[in-house]
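Novice: Sending over a structure as structure tokens; questions will come in a sec.
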Amino acid sequence: MSRPLLQLSLLPHLDYIVIDGQSRILDTSANVEEIVGMGADLAVGQDIFELLPELFGLEAVMDLIRDGVNPYFELKAITRSLESHSTPGYWDLYILPDNSPQTSQGLLLLFENVTDRMGLEQTLVQASNDLTLTVNKLSSSEAHIEQILRSMPDSLFVTSLSGKILKVNQVALDLLGYDESELLQSSLSDLIVDKSVDIVDNQRFLCEETGEIIRQFELILEGKNNQQAIISFTCSMFASDSSGDSHGYNDKEQRLIYIGRDVTKKHLAERRLIAHNTVTQVLSQAQGFVDALPKLLQGLGEGLAWDVCEFWQPIPAHNSTEAEADPELRCIDLWIRPHLEGNPWTDLSFRYGCQWVQESWVQQQSLWRSTLDDGVSRRQPEAKQMGLSTGLFCPLTIGEDCLGILTLFCKRSLPRDEELVQMMATASNQIGQFFQRKLAEEALKLEQRKTERLLLNILPSSIANQLKDAPATIAEQYESVTILFADIVGFTKLSSQISATELVKLLNYIFSAFDQLTEHYELEKIKTIGDAYMAAGGLPITRLDHAEAIADMALDMQQVITELNRQAGSRLDIRIGIHSGPVVAGVIGLKKFVYDLWGDTVNTASRMESHGLAGKIQVSQATYDLLKRRFVLTQRGSLAIKGKGQMTTYLLIGRRQSKKQKTARSLPPILQGNQEIADLIRQKLQQQ
């Protein structure tokens, strides 16, 4: 039951059916058998028109709802014969769009079981008929009529055909807050909020045409102090046989009688439910608080039928003194009912109301403020000028911290609604938990990114991914790779003349430049040992030009040292050895993972460096065979290599550049003028 509106099915008198764009049933509540004649499981996949013939003729209406032209449609009092009851059952049908992403052009059919209500209505109609008969029979006895009217639990209005109020009972007077003398001879239309509705003429026409009672139409009536009530009316016409009375009734005069039940609380409960469901839906789909805030304000304002919904936050303090005092609050976002846009009253959120918002912030609790409260008009004289009558202020908290204040404003004076206050407190807590969860998620993602970056600084990405998926020993055979060893000549002597801190700075300067070269040529740095640097090409991702990439890096490493000597006036040299062949690479152990290489190729590459010449790049025969077409090399001769015997080696001189390659090669960014390191080396050389 993923659709928020389907939560209504938790109410025992509501059932639902979800249909797709072809009017096939996709889903139902469990108790639809009495409506469609079969169980919920059997109904899925059926054509809705076969199960609900009442829908024939409403295809165009359903298409308008699918297209968003009409918001909904109501079909009252669908009748079904119930085997378990001697009397038929009645359901009101509401057709609404299904806005869930899983359904295209779908509709939601809500069925409200109104069997009991229809019974009550029939009883009410019967009572109304009986009342009419009684009035006809007892018209000579005003006392009898008054006794009947006083005993009615619903509001009663008797009007002339022109809408003039001729009689009201005490229930209607109590509901609207008027005295009887204030309503008699006035028009019923004056009490209706929607002035575009000519309800009296409509009811008179229908009653005269059909002669039937008009049932279940709702009107919003406004009483004293702008208080409004939603009344569900039944209307009928009757004729008085009296020869006249104290109210000026004439013999045989046609009159309209309205019997209404106050359904305001029911509507308020529905609005609170819609608003709460909207909050839940918005939070479930939002990426963060900033993304959710405008939709939350709109959902709360529209769902609760208030005029303005805002969110206030404290302005950051500029100094410690301001931080210790109560912060200044500012409205950072608001929703305004469309018909109020452009009204000067909409500036209220920035010019007025701060006192109540500040009060809610200081007390850290919800506040209800209305012009109905004693002292409000006196303490806030601007309220009457700006048209503000009611405000609800709810702190939005995260743990013990307050993030801001959610506010609702209404132009009507409303009595305190404890259920609404509790609903807003619950919604504020829900939003706070959402924000706290998002903060935790962001903090976790940040830590994950830090951990990921740290791991990738230690291991190649492919190896790191393998360890995360299956933390075990990794050892892979590579048939052809090229390994480079480099050692800084003269560094040992220099290190004895500078401090450990200065030594680390110098090494970091040089090796950081080497690291940038490995990234540039897409090689793999293996490790550093003292002033020795080891890199490899062709692993963990194999490549055919591994020897050429290593050779390019070796030549640029010489350029790094040359630039350092130029900047510092020093005479450091680098000795580089390169060899190509098979290796085993991987990670072993359980702690302090290191990606390393094993095999005779590693030992031979190390010998190429240790038996090399300062300022030169020595390569083996295997590497020479891979480089001779693109690079300039010269044979050094046959050398006695420790552990290897006699070996023919070569010195890498440079690149065989084509016309396209004869462009200036830029240094790594770290070498483009590090004056601190240059001054350090120059100073030490001068001290010698």
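Ordering of the structure tokens sets the chain letters (A, B, ...), residue numbers begin anew at 1 in every chain, and ligands are numbered from 1 in the order given.
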Would you kindly return, as a list in words, each protein, DNA or RNA residue with an atom no farther than 10 Å from any atom of Ala77 of chain A, considering only C-alpha atoms and excluding same-chain residues fewer than 3 positions away?
Specialist: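 Returned residues: Glu74, Arg80, Gly89, Tyr90, Trp91, Asp92, Leu93, Phe111, Glu112, Asn113, Val114, Thr115 and Met118 of chain A.
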Novice: Convert the current residue selection to file output with C-alpha atoms, as a compact mmCIF listing (two decimals), in the first residue's frame.
Specialist:
```txt
# COMPACT_ATOMS: atom_id res chain seq x y z
CA GLU A 74 -18.32 11.91 -6.93
CA ARG A 80 -25.85 -3.27 -3.54
CA GLY A 89 -25.93 -1.42 1.27
CA TYR A 90 -24.92 1.99 -0.03
CA TRP A 91 -21.51 3.32 -1.09
CA ASP A 92 -20.40 6.79 -2.21
CA LEU A 93 -17.83 6.57 -5.03
CA PHE A 111 -15.71 3.69 -1.81
CA GLU A 112 -17.17 5.09 1.38
CA ASN A 113 -19.67 2.85 3.09
CA VAL A 114 -22.59 5.18 3.75
CA THR A 115 -25.17 2.51 4.55
CA MET A 118 -28.25 6.60 4.23
```
Novice: Find the residues near Ile550 of chain A: any atom within 7 Å, counting only C-alpha atoms, skip ones fewer than 3 places away on the same chain, and give them as a list of chain:residue names.
Specialist: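 Selected residues are A:Thr482, A:Leu484, A:Gly537, A:His546, A:Ala547, A:Met553, A:Ala554.
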Novice: May I have a table of the residues of segment 11-94 of chain A lying at most 7 Å from segment 103-109 of chain A, giving each one's closest pair of atoms and their distance in Å to one decimal, counting only C-alpha atoms, ordered by chain and ascending residue number, as CSV?
Specialist:
```
residue,atom,partner,partner_atom,distance
A:Tyr16,CA,A:Leu109,CA,5.5
A:Ile17,CA,A:Leu109,CA,5.1
A:Val18,CA,A:Leu108,CA,4.8
A:Ile19,CA,A:Leu107,CA,5.4
A:Asp20,CA,A:Gly106,CA,4.1
A:Gly21,CA,A:Gln105,CA,4.6
A:Arg66,CA,A:Gln105,CA,5.5
A:Leu93,CA,A:Leu109,CA,6.7
A:Tyr94,CA,A:Leu109,CA,5.7
```
Novice: Would you mind exporting the chosen residues as a PDB file, in the first residue's frame, restricted to C-alpha atoms?
Specialist:
```
ATOM      1  CA  TYR A  16     -10.474   1.294  -2.773  1.00  0.00           C
ATOM      2  CA  ILE A  17      -9.863   0.012  -6.301  1.00  0.00           C
ATOM      3  CA  VAL A  18      -6.903   1.105  -8.447  1.00  0.00           C
ATOM      4  CA  ILE A  19      -7.375   0.913 -12.254  1.00  0.00           C
ATOM      5  CA  ASP A  20      -4.937   1.572 -15.099  1.00  0.00           C
ATOM      6  CA  GLY A  21      -5.363   3.679 -18.231  1.00  0.00           C
ATOM      7  CA  ARG A  66      -6.759  11.331 -16.028  1.00  0.00           C
ATOM      8  CA  LEU A  93     -17.831   6.565  -5.028  1.00  0.00           C
ATOM      9  CA  TYR A  94     -14.994   9.107  -5.387  1.00  0.00           C
TER      10      TYR A  94
END
```
Novice: In segment 433-608 of chain A, what's strand (DSSP E) per DSSP? Answer as a ChimeraX atom specification?
Specialist: /A:474-489,524-529,532-537,573-587,596-598
Novice: Atom CA of Ser620 of chain A and atom CA of Tyr478 of chain A, how far apart in Å?
Specialist: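 Result for atom CA of Tyr478 of chain A versus atom CA of Ser620 of chain A: 18.4 Å, one decimal.
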Novice: Fewer than 5 positions away in the same chain doesn't count, so skip those; otherwise give me all residues within 12 Å of Val282 of chain A, counting only C-alpha atoms, as a count of residues only.
Specialist: 22
Novice: Hey, what's within 8 Å of segment 33-36 of chain A if we count only C-alpha atoms and toss same-chain stuff fewer than 5 positions away? As a tab-separated table (two decimals) with C-alpha atoms, in the first residue's frame, please?
Specialist:
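That gives us result-v7.tsv:
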```tsv
chain	number	residue	atom	x	y	z
A	43	ALA	CA	-11.06	-8.78	-9.23
A	51	LEU	CA	-18.01	-5.02	-12.31
A	52	LEU	CA	-19.37	-1.49	-11.83
A	80	ARG	CA	-25.85	-3.27	-3.54
A	82	LEU	CA	-26.26	-7.74	0.73
```
Novice: Using only C-alpha atoms, which residues sit within 8 Å of Thr648 of chain A once same-chain residues fewer than 6 positions away are excluded, as a ChimeraX atom specification?
Specialist: /A:620-621,635-639
Novice: Restricting it to all heavy atoms, dump the selection as a PDB file, in the first residue's frame.
Specialist:
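Done, and the output landed in result14.pdb:
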```
ATOM      1  N   SER A 620      68.224  -2.871 -19.478  1.00  0.00           N
ATOM      2  CA  SER A 620      68.672  -4.221 -19.834  1.00  0.00           C
ATOM      3  C   SER A 620      68.428  -4.489 -21.312  1.00  0.00           C
ATOM      4  O   SER A 620      67.808  -3.679 -22.021  1.00  0.00           O
ATOM      5  CB  SER A 620      67.918  -5.240 -18.986  1.00  0.00           C
ATOM      6  OG  SER A 620      66.534  -5.215 -19.331  1.00  0.00           O
ATOM      7  N   GLN A 621      68.931  -5.668 -21.752  1.00  0.00           N
ATOM      8  CA  GLN A 621      68.731  -6.065 -23.151  1.00  0.00           C
ATOM      9  C   GLN A 621      67.245  -6.205 -23.463  1.00  0.00           C
ATOM     10  O   GLN A 621      66.782  -5.801 -24.533  1.00  0.00           O
ATOM     11  CB  GLN A 621      69.448  -7.396 -23.413  1.00  0.00           C
ATOM     12  CG  GLN A 621      69.307  -7.918 -24.840  1.00  0.00           C
ATOM     13  CD  GLN A 621      70.071  -7.070 -25.850  1.00  0.00           C
ATOM     14  OE1 GLN A 621      71.249  -6.774 -25.637  1.00  0.00           O
ATOM     15  NE2 GLN A 621      69.424  -6.671 -26.933  1.00  0.00           N
ATOM     16  N   GLN A 635      75.015   1.454 -26.462  1.00  0.00           N
ATOM     17  CA  GLN A 635      75.443   0.272 -25.719  1.00  0.00           C
ATOM     18  C   GLN A 635      76.554   0.658 -24.740  1.00  0.00           C
ATOM     19  O   GLN A 635      77.543   1.296 -25.086  1.00  0.00           O
ATOM     20  CB  GLN A 635      75.950  -0.810 -26.681  1.00  0.00           C
ATOM     21  CG  GLN A 635      76.353  -2.091 -25.969  1.00  0.00           C
ATOM     22  CD  GLN A 635      76.699  -3.197 -26.953  1.00  0.00           C
ATOM     23  OE1 GLN A 635      76.227  -3.203 -28.078  1.00  0.00           O
ATOM     24  NE2 GLN A 635      77.530  -4.115 -26.529  1.00  0.00           N
ATOM     25  N   ARG A 636      76.379   0.255 -23.486  1.00  0.00           N
ATOM     26  CA  ARG A 636      77.416   0.506 -22.484  1.00  0.00           C
ATOM     27  C   ARG A 636      78.466  -0.588 -22.520  1.00  0.00           C
ATOM     28  O   ARG A 636      79.640  -0.351 -22.279  1.00  0.00           O
ATOM     29  CB  ARG A 636      76.776   0.604 -21.100  1.00  0.00           C
ATOM     30  CG  ARG A 636      77.796   0.941 -20.015  1.00  0.00           C
ATOM     31  CD  ARG A 636      77.181   0.973 -18.633  1.00  0.00           C
ATOM     32  NE  ARG A 636      78.198   1.260 -17.623  1.00  0.00           N
ATOM     33  CZ  ARG A 636      78.009   1.174 -16.317  1.00  0.00           C
ATOM     34  NH1 ARG A 636      76.813   0.806 -15.845  1.00  0.00           N
ATOM     35  NH2 ARG A 636      78.985   1.442 -15.468  1.00  0.00           N
ATOM     36  N   GLY A 637      78.013  -1.800 -22.779  1.00  0.00           N
ATOM     37  CA  GLY A 637      78.937  -2.931 -22.836  1.00  0.00           C
ATOM     38  C   GLY A 637      78.478  -4.049 -21.940  1.00  0.00           C
ATOM     39  O   GLY A 637      77.357  -4.061 -21.423  1.00  0.00           O
ATOM     40  N   SER A 638      79.374  -5.021 -21.757  1.00  0.00           N
ATOM     41  CA  SER A 638      79.067  -6.183 -20.922  1.00  0.00           C
ATOM     42  C   SER A 638      79.572  -5.907 -19.511  1.00  0.00           C
ATOM     43  O   SER A 638      80.740  -5.580 -19.308  1.00  0.00           O
ATOM     44  CB  SER A 638      79.715  -7.447 -21.495  1.00  0.00           C
ATOM     45  OG  SER A 638      79.426  -8.549 -20.680  1.00  0.00           O
ATOM     46  N   LEU A 639      78.661  -6.047 -18.527  1.00  0.00           N
ATOM     47  CA  LEU A 639      78.994  -5.786 -17.123  1.00  0.00           C
ATOM     48  C   LEU A 639      78.794  -7.039 -16.302  1.00  0.00           C
ATOM     49  O   LEU A 639      77.919  -7.878 -16.593  1.00  0.00           O
ATOM     50  CB  LEU A 639      78.117  -4.670 -16.557  1.00  0.00           C
ATOM     51  CG  LEU A 639      78.222  -3.281 -17.204  1.00  0.00           C
ATOM     52  CD1 LEU A 639      77.271  -2.325 -16.491  1.00  0.00           C
ATOM     53  CD2 LEU A 639      79.645  -2.765 -17.136  1.00  0.00           C
TER      54      LEU A 639
END
```
Novice: Provide the atom CA of Lys224 of chain A to atom CA of Cys394 of chain A distance in Å, to one decimal place.
Specialist: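 Computing the Euclidean distance for atom CA of Lys224 of chain A and atom CA of Cys394 of chain A yields 28.0 Å.
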Novice: Please, what distance in Å, to one decimal, runs between atom CA of Gln422 of chain A and atom CA of Thr264 of chain A?
Specialist: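 Taking atom CA of Gln422 of chain A and atom CA of Thr264 of chain A, their separation equals 18.0 Å.
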